[in-house]
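Asks: Dropping in run.csv, with CSV, C-alpha atoms and all ligand atoms.
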chain,number,residue,atom,x,y,z
A,192,MET,CA,-75.7,-36.3,-2.0
A,193,LYS,CA,-72.7,-37.1,-4.3
A,194,ARG,CA,-73.0,-39.0,-7.5
A,195,VAL,CA,-69.9,-41.2,-8.2
A,196,GLY,CA,-69.2,-42.5,-11.7
A,197,VAL,CA,-67.5,-45.8,-11.7
A,198,ILE,CA,-65.5,-47.0,-14.7
A,199,GLY,CA,-66.3,-50.8,-14.7
A,200,GLY,CA,-69.3,-52.7,-13.5
A,201,GLY,CA,-68.1,-56.0,-12.2
A,202,GLN,CA,-68.2,-57.4,-8.7
A,203,LEU,CA,-65.9,-54.8,-7.3
A,204,ALA,CA,-68.4,-52.1,-8.3
A,205,TRP,CA,-71.3,-54.3,-7.2
A,206,MET,CA,-69.7,-54.5,-3.7
A,207,MET,CA,-69.7,-50.7,-3.5
A,208,GLY,CA,-73.6,-50.9,-3.5
A,209,ASP,CA,-74.2,-51.3,0.2
A,210,ALA,CA,-71.5,-48.8,1.2
A,211,ALA,CA,-73.0,-46.2,-1.3
A,212,LYS,CA,-76.5,-46.7,0.3
A,213,LYS,CA,-75.0,-46.3,3.8
A,214,LEU,CA,-73.2,-43.1,2.8
A,215,GLY,CA,-76.0,-41.7,0.7
A,216,VAL,CA,-74.0,-41.8,-2.5
A,217,GLU,CA,-75.4,-42.5,-5.9
A,218,LEU,CA,-73.4,-44.7,-8.3
A,219,VAL,CA,-73.4,-44.6,-12.1
A,220,VAL,CA,-71.4,-47.3,-13.7
A,221,GLN,CA,-69.8,-47.6,-17.2
A,222,THR,CA,-69.7,-51.2,-18.2
A,223,PRO,CA,-70.2,-53.1,-21.4
A,224,SER,CA,-73.3,-55.3,-20.6
A,225,SER,CA,-76.6,-54.8,-18.8
A,226,ASP,CA,-75.9,-58.3,-17.2
A,227,ASP,CA,-72.8,-57.0,-15.5
A,228,PRO,CA,-73.2,-57.3,-11.7
A,229,ALA,CA,-73.1,-53.6,-10.7
A,230,VAL,CA,-75.9,-52.6,-13.1
A,231,ALA,CA,-78.3,-54.1,-10.6
A,232,ILE,CA,-77.2,-51.8,-7.8
A,233,ALA,CA,-76.4,-48.6,-9.7
A,234,GLN,CA,-78.8,-45.6,-10.1
A,235,ASP,CA,-77.8,-45.5,-13.7
A,236,ALA,CA,-75.5,-47.3,-16.2
A,237,ILE,CA,-73.8,-46.3,-19.4
A,238,LEU,CA,-73.4,-49.4,-21.4
A,239,ALA,CA,-69.9,-49.1,-23.0
A,240,ASN,CA,-66.5,-50.7,-22.7
A,241,VAL,CA,-64.3,-49.3,-19.9
A,242,ASP,CA,-61.8,-47.9,-22.4
A,243,ASP,CA,-64.5,-46.0,-24.3
A,244,ALA,CA,-63.5,-42.4,-23.3
A,245,LEU,CA,-66.3,-40.7,-25.1
A,246,SER,CA,-68.7,-42.7,-22.9
A,247,THR,CA,-66.6,-41.7,-19.8
A,248,GLU,CA,-67.1,-38.1,-20.9
A,249,ILE,CA,-70.9,-38.6,-20.6
A,250,LEU,CA,-70.3,-40.4,-17.3
A,251,ALA,CA,-68.3,-37.3,-16.1
A,252,LYS,CA,-71.1,-34.9,-17.1
A,253,ARG,CA,-73.7,-37.0,-15.1
A,254,THR,CA,-71.6,-37.3,-11.9
A,255,ASP,CA,-69.5,-35.3,-9.4
A,256,ILE,CA,-66.5,-37.7,-9.3
A,257,ILE,CA,-65.2,-40.5,-11.4
A,258,THR,CA,-63.4,-43.5,-10.0
A,259,PHE,CA,-62.2,-46.9,-11.2
A,260,GLU,CA,-63.1,-50.5,-10.5
A,261,ASN,CA,-61.1,-51.5,-13.6
A,262,GLU,CA,-57.8,-50.0,-14.8
A,263,PHE,CA,-57.9,-51.1,-18.4
A,264,VAL,CA,-58.7,-47.6,-19.5
A,265,ASN,CA,-57.2,-45.3,-22.2
A,266,LEU,CA,-55.4,-42.8,-20.0
A,267,ASP,CA,-54.5,-40.4,-22.9
A,268,ALA,CA,-58.1,-40.1,-23.9
A,269,LEU,CA,-59.2,-39.7,-20.3
A,270,SER,CA,-56.7,-36.9,-19.7
A,271,LEU,CA,-58.6,-34.7,-22.2
A,272,ILE,CA,-61.6,-35.1,-20.0
A,273,GLN,CA,-59.6,-34.4,-16.8
A,274,ASP,CA,-58.3,-31.3,-18.6
A,275,GLN,CA,-61.9,-30.0,-19.0
A,276,GLY,CA,-62.0,-29.9,-15.2
A,277,PHE,CA,-63.8,-33.2,-14.4
A,278,CYS,CA,-62.6,-34.8,-11.2
A,279,PHE,CA,-61.0,-38.3,-11.3
A,280,ARG,CA,-60.1,-39.9,-8.0
A,281,PRO,CA,-57.5,-41.3,-7.9
A,282,ARG,CA,-56.3,-38.6,-10.4
A,283,LEU,CA,-55.0,-39.9,-13.7
A,284,GLU,CA,-51.4,-39.1,-12.8
A,285,ALA,CA,-51.5,-41.6,-10.0
A,286,LEU,CA,-52.4,-44.3,-12.5
A,287,THR,CA,-49.9,-43.3,-15.2
A,288,PRO,CA,-46.9,-45.2,-13.8
A,289,LEU,CA,-48.9,-48.3,-12.9
A,290,LEU,CA,-50.9,-49.5,-15.9
A,291,ASP,CA,-47.9,-51.0,-17.7
A,292,LYS,CA,-46.2,-53.7,-15.5
A,293,TYR,CA,-42.7,-52.7,-16.6
A,294,ASP,CA,-43.4,-49.0,-15.9
A,295,GLN,CA,-44.8,-50.0,-12.5
A,296,ARG,CA,-41.8,-52.1,-11.5
A,297,SER,CA,-39.5,-49.2,-12.6
A,298,TYR,CA,-41.5,-46.7,-10.6
A,299,LEU,CA,-41.4,-48.8,-7.5
A,300,GLN,CA,-37.7,-49.4,-7.9
A,301,ASN,CA,-37.0,-45.7,-8.3
A,302,LEU,CA,-38.9,-45.1,-5.0
A,303,GLY,CA,-36.5,-47.5,-3.4
A,304,LEU,CA,-39.2,-50.1,-2.8
A,305,PRO,CA,-38.2,-53.8,-3.0
A,306,VAL,CA,-39.2,-55.6,-6.3
A,307,PRO,CA,-38.0,-58.8,-8.0
A,308,GLN,CA,-35.3,-58.4,-10.6
A,309,PHE,CA,-36.9,-57.5,-13.9
A,310,PHE,CA,-36.2,-56.1,-17.4
A,311,ALA,CA,-38.0,-55.3,-20.6
A,312,LEU,CA,-37.3,-57.5,-23.6
A,313,SER,CA,-35.8,-54.9,-25.8
A,314,GLN,CA,-33.8,-56.3,-28.7
A,315,PRO,CA,-35.3,-59.2,-30.7
A,316,LYS,CA,-31.8,-60.7,-31.1
A,317,ASN,CA,-29.7,-62.2,-28.3
A,318,LEU,CA,-32.6,-63.4,-26.2
A,319,SER,CA,-30.4,-65.9,-24.4
A,320,SER,CA,-27.8,-63.3,-23.4
A,321,GLN,CA,-30.6,-61.0,-22.2
A,322,ILE,CA,-32.0,-63.6,-19.8
A,323,GLU,CA,-28.6,-65.0,-18.7
A,324,GLN,CA,-28.5,-63.1,-15.4
A,325,LEU,CA,-31.9,-64.6,-14.3
A,326,GLY,CA,-31.7,-68.2,-15.3
A,327,PHE,CA,-34.7,-70.5,-15.4
A,328,PRO,CA,-37.4,-70.7,-14.4
A,329,LEU,CA,-38.3,-67.1,-15.1
A,330,VAL,CA,-41.5,-65.3,-15.4
A,331,LEU,CA,-42.8,-63.7,-18.6
A,332,LYS,CA,-45.6,-61.1,-18.1
A,333,SER,CA,-47.7,-59.1,-20.5
A,334,ARG,CA,-46.9,-55.5,-19.8
A,335,ARG,CA,-50.6,-54.5,-20.0
A,336,HIS,CA,-54.1,-56.0,-19.4
A,337,GLY,CA,-53.0,-59.0,-17.3
A,338,TYR,CA,-55.5,-60.2,-14.7
A,339,ASP,CA,-56.1,-63.4,-12.8
A,340,GLY,CA,-52.8,-64.7,-14.2
A,341,GLN,CA,-53.9,-64.2,-17.8
A,342,GLY,CA,-50.6,-62.9,-19.3
A,343,THR,CA,-48.3,-64.3,-16.6
A,344,PHE,CA,-46.3,-67.3,-17.7
A,345,ILE,CA,-43.7,-69.3,-15.7
A,346,ILE,CA,-41.1,-70.4,-18.3
A,347,GLU,CA,-38.9,-73.3,-17.7
A,348,ASP,CA,-36.4,-73.1,-20.6
A,349,LEU,CA,-35.3,-71.0,-23.6
A,350,ALA,CA,-37.2,-73.0,-26.2
A,351,SER,CA,-40.5,-72.4,-24.2
A,352,LEU,CA,-39.7,-68.7,-24.0
A,353,GLN,CA,-39.1,-68.5,-27.8
A,354,GLN,CA,-42.3,-70.5,-28.5
A,355,LYS,CA,-44.4,-68.2,-26.2
A,356,LEU,CA,-43.1,-65.1,-27.9
A,357,ASN,CA,-43.7,-66.5,-31.3
A,358,LEU,CA,-47.2,-67.5,-30.4
A,359,HIS,CA,-48.0,-64.0,-29.4
A,360,SER,CA,-47.0,-62.3,-32.6
A,361,ILE,CA,-45.8,-63.0,-36.1
A,362,ASP,CA,-43.4,-60.1,-35.5
A,363,VAL,CA,-41.0,-61.2,-32.8
A,364,ALA,CA,-39.8,-57.6,-32.1
A,365,SER,CA,-43.2,-56.2,-31.5
A,366,SER,CA,-44.1,-59.3,-29.4
A,367,GLN,CA,-41.1,-58.8,-27.2
A,368,ALA,CA,-42.0,-55.1,-26.7
A,369,GLN,CA,-45.3,-56.3,-25.1
A,370,PHE,CA,-43.6,-58.3,-22.4
A,371,LEU,CA,-41.5,-58.0,-19.3
A,372,ILE,CA,-39.3,-60.7,-17.8
A,373,GLU,CA,-38.6,-61.1,-14.2
A,374,GLU,CA,-37.0,-63.5,-11.8
A,375,PHE,CA,-39.1,-66.4,-10.5
A,376,VAL,CA,-39.5,-65.8,-6.8
A,377,PRO,CA,-39.7,-69.1,-4.9
A,378,PHE,CA,-41.8,-67.4,-2.3
A,379,GLU,CA,-42.7,-68.9,1.1
A,380,ARG,CA,-46.1,-67.2,1.1
A,381,GLU,CA,-47.9,-64.5,-0.9
A,382,LEU,CA,-49.2,-61.5,1.1
A,383,ALA,CA,-51.3,-58.4,0.4
A,384,ILE,CA,-52.3,-55.1,2.0
A,385,ILE,CA,-55.2,-52.8,1.2
A,386,ALA,CA,-54.4,-49.1,1.9
A,387,ALA,CA,-56.5,-46.0,1.5
A,388,ARG,CA,-55.6,-42.3,1.2
A,389,SER,CA,-57.9,-39.4,1.7
A,390,VAL,CA,-58.1,-36.1,0.0
A,391,GLU,CA,-56.3,-34.6,3.0
A,392,GLY,CA,-53.5,-37.1,2.7
A,393,GLU,CA,-54.4,-39.3,5.6
A,394,VAL,CA,-53.4,-43.0,5.0
A,395,VAL,CA,-54.9,-46.0,6.7
A,396,THR,CA,-54.0,-49.6,6.1
A,397,TYR,CA,-55.9,-52.9,6.6
A,398,PRO,CA,-54.4,-55.9,8.3
A,399,VAL,CA,-51.8,-57.6,6.1
A,400,VAL,CA,-53.3,-60.8,4.7
A,401,GLU,CA,-52.0,-64.1,3.3
A,402,THR,CA,-53.3,-64.8,-0.2
A,403,GLN,CA,-53.2,-68.3,-1.7
A,404,GLN,CA,-53.1,-68.5,-5.5
A,405,GLU,CA,-53.6,-71.7,-7.6
A,406,GLN,CA,-52.8,-71.5,-11.3
A,407,GLN,CA,-52.1,-67.8,-10.7
A,408,VAL,CA,-55.7,-67.2,-9.5
A,409,CYS,CA,-56.5,-66.1,-6.0
A,410,ARG,CA,-58.3,-68.9,-4.1
A,411,ARG,CA,-58.1,-68.0,-0.4
A,412,VAL,CA,-57.2,-65.1,1.8
A,413,ILE,CA,-56.4,-65.4,5.5
A,414,ALA,CA,-56.6,-62.3,7.7
A,415,PRO,CA,-54.4,-61.4,9.4
A,416,ALA,CA,-51.3,-63.1,8.0
A,417,ASP,CA,-49.0,-64.7,10.5
A,418,LEU,CA,-46.0,-62.3,10.4
A,419,THR,CA,-43.5,-60.7,12.7
A,420,PRO,CA,-44.3,-57.1,13.9
A,421,ASN,CA,-41.3,-56.0,11.8
A,422,GLN,CA,-42.6,-57.6,8.7
A,423,VAL,CA,-46.0,-55.9,9.2
A,424,ALA,CA,-44.3,-52.6,9.8
A,425,GLU,CA,-42.3,-52.9,6.7
A,426,ILE,CA,-45.4,-53.7,4.6
A,427,GLU,CA,-47.3,-50.8,6.1
A,428,ALA,CA,-44.4,-48.5,5.3
A,429,ILE,CA,-44.4,-49.7,1.7
A,430,ALA,CA,-48.1,-48.8,1.5
A,431,HIS,CA,-47.6,-45.3,3.0
A,432,THR,CA,-44.6,-44.5,0.7
A,433,LEU,CA,-46.4,-45.6,-2.4
A,434,LEU,CA,-49.8,-43.9,-1.7
A,435,ASN,CA,-48.1,-40.7,-0.6
A,436,SER,CA,-45.7,-40.6,-3.5
A,437,LEU,CA,-48.6,-41.1,-6.0
A,438,GLU,CA,-50.9,-38.8,-4.0
A,439,VAL,CA,-53.5,-41.4,-4.3
A,440,VAL,CA,-57.1,-40.6,-3.3
A,441,GLY,CA,-58.9,-43.9,-2.8
A,442,VAL,CA,-58.1,-47.5,-2.1
A,443,PHE,CA,-55.2,-49.5,-3.6
A,444,GLY,CA,-54.3,-53.2,-3.2
A,445,ILE,CA,-50.6,-54.2,-3.0
A,446,GLU,CA,-49.6,-57.8,-3.6
A,447,LEU,CA,-46.3,-59.0,-2.1
A,448,PHE,CA,-44.1,-62.0,-1.9
A,449,LEU,CA,-42.5,-63.2,1.3
A,450,THR,CA,-39.3,-65.1,0.5
A,451,LYS,CA,-38.0,-68.1,2.5
A,452,ALA,CA,-35.3,-65.7,3.9
A,453,GLY,CA,-38.1,-63.4,5.3
A,454,LYS,CA,-37.6,-60.7,2.6
A,455,ILE,CA,-40.5,-58.8,1.3
A,456,LEU,CA,-40.9,-58.0,-2.4
A,457,ILE,CA,-43.7,-56.2,-4.2
A,458,ASN,CA,-45.4,-58.2,-6.9
A,459,GLU,CA,-48.1,-55.9,-8.1
A,460,ILE,CA,-50.1,-52.8,-7.4
A,461,ALA,CA,-53.9,-52.7,-8.1
A,462,PRO,CA,-55.0,-49.1,-8.3
A,463,ARG,CA,-58.5,-49.9,-6.9
A,464,THR,CA,-60.3,-52.1,-4.5
A,465,HIS,CA,-58.9,-55.7,-4.6
A,466,ASN,CA,-59.9,-59.3,-4.1
A,467,SER,CA,-57.5,-59.6,-1.2
A,468,GLY,CA,-59.7,-57.0,0.7
A,469,HIS,CA,-63.1,-58.7,0.3
A,470,PHE,CA,-62.8,-60.1,3.9
A,471,SER,CA,-63.1,-56.5,5.1
A,472,ILE,CA,-66.9,-56.4,4.2
A,473,ASP,CA,-67.7,-58.8,7.1
A,474,ALA,CA,-64.6,-58.8,9.2
A,475,CYS,CA,-63.6,-55.2,9.5
A,476,GLU,CA,-65.1,-52.1,11.1
A,477,THR,CA,-65.2,-50.4,7.6
A,478,SER,CA,-65.1,-52.3,4.4
A,479,GLN,CA,-62.6,-51.5,1.6
A,480,PHE,CA,-65.6,-50.5,-0.5
A,481,GLU,CA,-66.9,-48.0,2.0
A,482,GLN,CA,-63.4,-46.7,2.6
A,483,HIS,CA,-62.9,-46.2,-1.1
A,484,LEU,CA,-66.2,-44.2,-1.4
A,485,ARG,CA,-65.3,-42.2,1.7
A,486,ALA,CA,-62.0,-41.3,0.2
A,487,VAL,CA,-63.2,-40.3,-3.2
A,488,CYS,CA,-66.1,-38.3,-1.8
A,489,GLY,CA,-63.8,-36.3,0.4
A,490,LEU,CA,-65.0,-37.8,3.7
A,491,PRO,CA,-62.7,-38.7,6.6
A,492,LEU,CA,-61.4,-42.2,6.5
A,493,ALA,CA,-62.9,-44.7,9.0
A,494,ASN,CA,-61.5,-47.5,11.1
A,495,PRO,CA,-60.1,-50.4,9.0
A,496,ALA,CA,-59.4,-52.8,12.0
A,497,LEU,CA,-60.7,-56.3,12.2
A,498,HIS,CA,-63.6,-56.7,14.7
A,499,CYS,CA,-62.9,-60.4,15.1
A,500,ALA,CA,-59.7,-62.4,15.8
A,501,SER,CA,-59.4,-63.6,12.2
A,502,ALA,CA,-61.2,-64.4,9.0
A,503,VAL,CA,-60.8,-66.5,5.9
A,504,MET,CA,-62.2,-65.5,2.5
A,505,VAL,CA,-62.6,-68.2,-0.2
A,506,ASN,CA,-63.4,-67.3,-3.9
A,507,LEU,CA,-66.2,-69.3,-5.5
A,508,LEU,CA,-64.7,-69.9,-8.9
A,509,GLY,CA,-66.7,-71.3,-11.8
A,510,TYR,CA,-65.7,-74.9,-12.8
A,511,GLU,CA,-68.1,-75.5,-15.7
A,512,ILE,CA,-70.0,-73.7,-18.4
A,513,SER,CA,-73.5,-73.2,-16.9
A,514,THR,CA,-76.3,-70.8,-16.2
A,515,SER,CA,-77.0,-72.4,-12.8
A,516,HIS,CA,-77.3,-70.2,-9.7
A,517,TYR,CA,-76.0,-73.0,-7.5
A,518,HIS,CA,-78.7,-72.5,-4.8
A,519,SER,CA,-78.2,-75.7,-2.9
A,520,GLN,CA,-74.4,-75.2,-2.6
A,521,ARG,CA,-74.9,-71.6,-1.5
A,522,GLN,CA,-77.4,-72.7,1.2
A,523,LYS,CA,-74.8,-75.3,2.5
A,524,LEU,CA,-72.1,-72.6,2.6
A,525,ALA,CA,-74.4,-70.2,4.4
A,526,ALA,CA,-75.0,-72.8,7.1
A,527,ILE,CA,-71.3,-72.8,8.1
A,528,PRO,CA,-71.1,-70.9,11.5
A,529,GLN,CA,-70.2,-67.2,11.1
A,530,ALA,CA,-70.2,-67.5,7.3
A,531,PHE,CA,-71.2,-64.7,4.9
A,532,VAL,CA,-71.9,-65.7,1.3
A,533,HIS,CA,-71.6,-63.1,-1.4
A,534,TRP,CA,-73.0,-64.1,-4.8
A,535,TYR,CA,-72.3,-61.7,-7.7
A,536,GLY,CA,-75.4,-62.6,-9.7
A,537,LYS,CA,-73.4,-63.3,-12.9
A,538,THR,CA,-75.7,-64.9,-15.5
A,539,GLU,CA,-73.1,-67.4,-16.8
A,540,SER,CA,-70.5,-69.6,-15.1
A,541,ARG,CA,-67.2,-70.4,-16.8
A,542,PRO,CA,-64.2,-72.3,-15.5
A,543,GLY,CA,-62.1,-69.9,-13.4
A,544,ARG,CA,-64.7,-67.1,-13.4
A,545,LYS,CA,-65.2,-65.4,-10.0
A,546,LEU,CA,-68.9,-66.0,-9.2
A,547,GLY,CA,-68.9,-65.1,-5.6
A,548,HIS,CA,-67.0,-65.5,-2.3
A,549,VAL,CA,-67.5,-66.7,1.2
A,550,THR,CA,-66.0,-65.1,4.3
A,551,VAL,CA,-65.9,-67.0,7.6
A,552,LEU,CA,-65.1,-65.2,10.9
A,553,SER,CA,-63.3,-66.9,13.7
A,554,ASP,CA,-62.4,-66.2,17.3
A,555,ASP,CA,-59.3,-68.2,16.9
A,556,GLN,CA,-56.1,-66.9,15.2
A,557,SER,CA,-54.8,-70.3,14.1
A,558,ARG,CA,-53.7,-70.5,10.5
A,559,ASP,CA,-54.5,-74.2,10.5
A,560,THR,CA,-58.1,-73.6,11.6
A,561,MET,CA,-58.5,-71.0,8.8
A,562,ILE,CA,-57.1,-73.4,6.2
A,563,THR,CA,-59.4,-76.2,7.5
A,564,ILE,CA,-62.4,-73.9,7.1
A,565,ALA,CA,-61.3,-73.0,3.6
A,566,HIS,CA,-61.1,-76.6,2.6
A,567,THR,CA,-64.6,-77.3,4.0
A,568,ILE,CA,-65.9,-74.4,1.9
A,569,GLU,CA,-64.2,-75.8,-1.2
A,570,SER,CA,-65.4,-79.3,-0.6
A,571,ILE,CA,-69.0,-78.0,-0.6
A,572,TRP,CA,-68.4,-75.7,-3.6
A,573,TYR,CA,-66.4,-77.8,-6.0
A,574,PRO,CA,-67.7,-81.2,-7.3
A,575,SER,CA,-65.5,-84.0,-6.0
B,1,LIG,P1,-52.1,-60.8,-12.6
B,1,LIG,O1,-51.8,-59.4,-12.8
B,1,LIG,O2,-52.7,-61.5,-13.7
B,1,LIG,O3,-52.8,-61.1,-11.2
B,1,LIG,P2,-49.6,-61.5,-11.3
B,1,LIG,O4,-48.4,-60.8,-11.9
B,1,LIG,O5,-50.1,-60.9,-10.0
B,1,LIG,O6,-50.7,-61.5,-12.4
B,1,LIG,O7,-49.3,-63.0,-11.1
B,1,LIG,C1,-50.3,-63.9,-10.7
B,1,LIG,C2,-49.6,-65.0,-9.8
B,1,LIG,O8,-48.5,-65.6,-10.5
B,1,LIG,C3,-49.0,-64.4,-8.5
B,1,LIG,O9,-50.0,-64.3,-7.5
B,1,LIG,C4,-48.0,-65.5,-8.2
B,1,LIG,O10,-48.6,-66.6,-7.6
B,1,LIG,C5,-47.4,-65.9,-9.6
B,1,LIG,N1,-46.3,-65.0,-9.9
B,1,LIG,C6,-46.3,-63.8,-10.5
B,1,LIG,N2,-45.0,-63.3,-10.6
B,1,LIG,C7,-44.2,-64.2,-10.1
B,1,LIG,C8,-42.8,-64.3,-9.8
B,1,LIG,N3,-42.0,-63.3,-10.3
B,1,LIG,N4,-42.3,-65.4,-9.2
B,1,LIG,C9,-43.1,-66.4,-8.8
B,1,LIG,N5,-44.4,-66.4,-9.0
B,1,LIG,C10,-45.0,-65.3,-9.6
Can you turn what I pasted into structure tokens?
Ligand code: ADP

Replies:
Amino acid sequence: MKRVGVIGGGQLAWMMGDAAKKLGVELVVQTPSSDDPAVAIAQDAILANVDDALSTEILAKRTDIITFENEFVNLDALSLIQDQGFCFRPRLEALTPLLDKYDQRSYLQNLGLPVPQFFALSQPKNLSSQIEQLGFPLVLKSRRHGYDGQGTFIIEDLASLQQKLNLHSIDVASSQAQFLIEEFVPFERELAIIAARSVEGEVVTYPVVETQQEQQVCRRVIAPADLTPNQVAEIEAIAHTLLNSLEVVGVFGIELFLTKAGKILINEIAPRTHNSGHFSIDACETSQFEQHLRAVCGLPLANPALHCASAVMVNLLGYEISTSHYHSQRQKLAAIPQAFVHWYGKTESRPGRKLGHVTVLSDDQSRDTMITIAHTIESIWYPS
């Protein structure tokens, strides 16, 4: 039996629970609060922030392998632990170019992969000439620690850009150093792919999905996305190039834009399991969580294919501050044919917080049918 240490104890680690049981793997999580979802399914927990490397050293001593459900770690401090011979999967070098969004874009561009135009805001002066090539709207992003659209701002004009930078720091120069600017992509759809790579270097990919964001937060995922075979092949090739180049061991999520002209651009890499892959728990032969554990434990990868024609996953986002468990809404959702409700057991609801998700399987591949099902779920979940 292997013991896997997981840095982070949110819903992504919680969803490893069933897969860990199936594979006979024990999980130990490092997470700040005993109320965090994965504490309930872990054999053991170290209550500490994810960037507390001293606690990760304790985690390393108690486990065979360390992996990540959260990438907001202190890589320099962790590398001292890796240097002592402890095993991180993916290895830290695979995360190094990814944690800063500017470094990530540069890495992808150097690999020849398609990314939106971007640049770092370097000099505090001449802001307008620096952004001249892009025009407005443009997108301002925090280089680190962005999630669920926190740290991503769509900027309509120069005055708003200046205001945003000033808000973030009294020192304009250091504020600018924390941001990246990129072109606004007027995408036709957003897409994502989950890919896994084993210790032996085998890569498998899940079906490409369509993701739908509102206010920069993922609301729905439709699997598979309605794409041409060439588009699917291009996205799969991106996943192979990236995972092989980084020599990843484990699961990564890749978010993409599909432009109106049919061009594919990479938006972001998540060096871990990802919200766009939750459908795989109920709709695929092997979930992304089992696949991740298989990869990091050195097991052969398993079949990622859908076992139904299509599926839709809808996030249940908090819409109020409450400690309710929403039993009656969850019962109604579970009554939808072929629906699987996943409730993360968070003790407090807040607007925008991911409290759970529902996946509905279908024998029909129509996008309209999936969107109708998603709207039914949302009409049950959100108060009208
Ligand atoms: P986070 O890391 O917080 O998830 P992202 O960079 O993925 O932030 O952005 C969140 C969402 O914001 C995206 O899913 C997309 O809807 C929108 N977005 C991000 N970058 C761009 C862009 N360059 N052009 C248009 N929309 C964007």

Asks: Let me see if you get this right: every residue at most 6 Å from ligand LIG 1 (chain B), counting all atoms listed in the file, written as JSON, numbers by chain.

Replies: {"A": [330, 337, 338, 339, 340, 341, 343, 373, 374, 375, 376, 377, 404, 407, 459]}

Asks: When you count all atoms listed in the file, which of these residues is closest to Cys475 of chain A: A:Ala414, A:Leu356, A:Val423, A:Leu492?

Replies: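 That would be A:Ala414, the residue with the smallest distance to Cys475 of chain A.
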
Asks: By how many Å are atom CA of Gly196 of chain A and atom CA of Ser270 of chain A apart?

Replies: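 Computing it gives 15.9 Å between the two atoms.
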
Asks: Just the number, please: distance in Å from atom CA of Leu437 of chain A to atom CA of Glu260 of chain A, one decimal.

Replies: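 Atom CA of Glu260 of chain A lies 17.9 Å from atom CA of Leu437 of chain A.
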
Asks: Measuring atom to atom with all atoms listed in the file, identify which of A:Arg521, A:His548, A:Arg388, A:Lys537 is nearest to Pro491 of chain A.

Replies: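 Checking each of A:Arg521, A:His548, A:Arg388, A:Lys537 against Pro491 of chain A, counting all atoms listed in the file, the winner is A:Arg388.
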
Asks: Measuring atom to atom with all atoms listed in the file, identify which of A:Ile429, A:Ala386, A:Cys488, A:Leu418 is nearest to Ser471 of chain A.

Replies: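 With all atoms listed in the file as the atom set, the closest residue is A:Ala386.
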
Asks: Please determine, counting only C-alpha atoms, which residue among A:Gly276, A:Gly547, A:Gly453, A:Gly444 has the shortest atom-to-atom distance to Glu248 of chain A.

Replies: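 Answer, going by the shortest atom-to-atom distance: A:Gly276.
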
Asks: So how many Å separate atom CA of Thr402 of chain A and atom CA of Ala424 of chain A, to one decimal?

Replies: 18.2 Å

Asks: I need segment 479-487 of chain A written out with N, CA, C and O atoms, as a PDB file, in the first residue's frame; please produce it.

Replies:
ATOM      1  N   GLN A 479     -10.626  11.371 -13.514  1.00  0.00           N
ATOM      2  CA  GLN A 479      -9.336  12.094 -13.483  1.00  0.00           C
ATOM      3  C   GLN A 479      -8.638  11.880 -12.136  1.00  0.00           C
ATOM      4  O   GLN A 479      -7.405  11.914 -12.064  1.00  0.00           O
ATOM      5  N   PHE A 480      -9.407  11.632 -11.076  1.00  0.00           N
ATOM      6  CA  PHE A 480      -8.810  11.489  -9.738  1.00  0.00           C
ATOM      7  C   PHE A 480      -8.111  10.128  -9.612  1.00  0.00           C
ATOM      8  O   PHE A 480      -7.000  10.039  -9.085  1.00  0.00           O
ATOM      9  N   GLU A 481      -8.794   9.086 -10.121  1.00  0.00           N
ATOM     10  CA  GLU A 481      -8.137   7.773 -10.128  1.00  0.00           C
ATOM     11  C   GLU A 481      -6.896   7.827 -11.040  1.00  0.00           C
ATOM     12  O   GLU A 481      -5.829   7.314 -10.691  1.00  0.00           O
ATOM     13  N   GLN A 482      -7.049   8.469 -12.192  1.00  0.00           N
ATOM     14  CA  GLN A 482      -5.930   8.536 -13.139  1.00  0.00           C
ATOM     15  C   GLN A 482      -4.732   9.237 -12.495  1.00  0.00           C
ATOM     16  O   GLN A 482      -3.582   8.809 -12.664  1.00  0.00           O
ATOM     17  N   HIS A 483      -5.011  10.295 -11.761  1.00  0.00           N
ATOM     18  CA  HIS A 483      -3.924  11.034 -11.111  1.00  0.00           C
ATOM     19  C   HIS A 483      -3.209  10.130 -10.098  1.00  0.00           C
ATOM     20  O   HIS A 483      -1.973  10.064 -10.071  1.00  0.00           O
ATOM     21  N   LEU A 484      -4.008   9.438  -9.275  1.00  0.00           N
ATOM     22  CA  LEU A 484      -3.385   8.560  -8.270  1.00  0.00           C
ATOM     23  C   LEU A 484      -2.634   7.413  -8.945  1.00  0.00           C
ATOM     24  O   LEU A 484      -1.550   7.023  -8.495  1.00  0.00           O
ATOM     25  N   ARG A 485      -3.198   6.868 -10.012  1.00  0.00           N
ATOM     26  CA  ARG A 485      -2.502   5.807 -10.747  1.00  0.00           C
ATOM     27  C   ARG A 485      -1.140   6.330 -11.217  1.00  0.00           C
ATOM     28  O   ARG A 485      -0.114   5.671 -11.053  1.00  0.00           O
ATOM     29  N   ALA A 486      -1.154   7.515 -11.816  1.00  0.00           N
ATOM     30  CA  ALA A 486       0.099   8.070 -12.361  1.00  0.00           C
ATOM     31  C   ALA A 486       1.128   8.286 -11.250  1.00  0.00           C
ATOM     32  O   ALA A 486       2.264   7.825 -11.361  1.00  0.00           O
ATOM     33  N   VAL A 487       0.717   8.954 -10.181  1.00  0.00           N
ATOM     34  CA  VAL A 487       1.723   9.309  -9.154  1.00  0.00           C
ATOM     35  C   VAL A 487       2.190   8.081  -8.378  1.00  0.00           C
ATOM     36  O   VAL A 487       3.297   8.077  -7.836  1.00  0.00           O
TER      37      VAL A 487
END
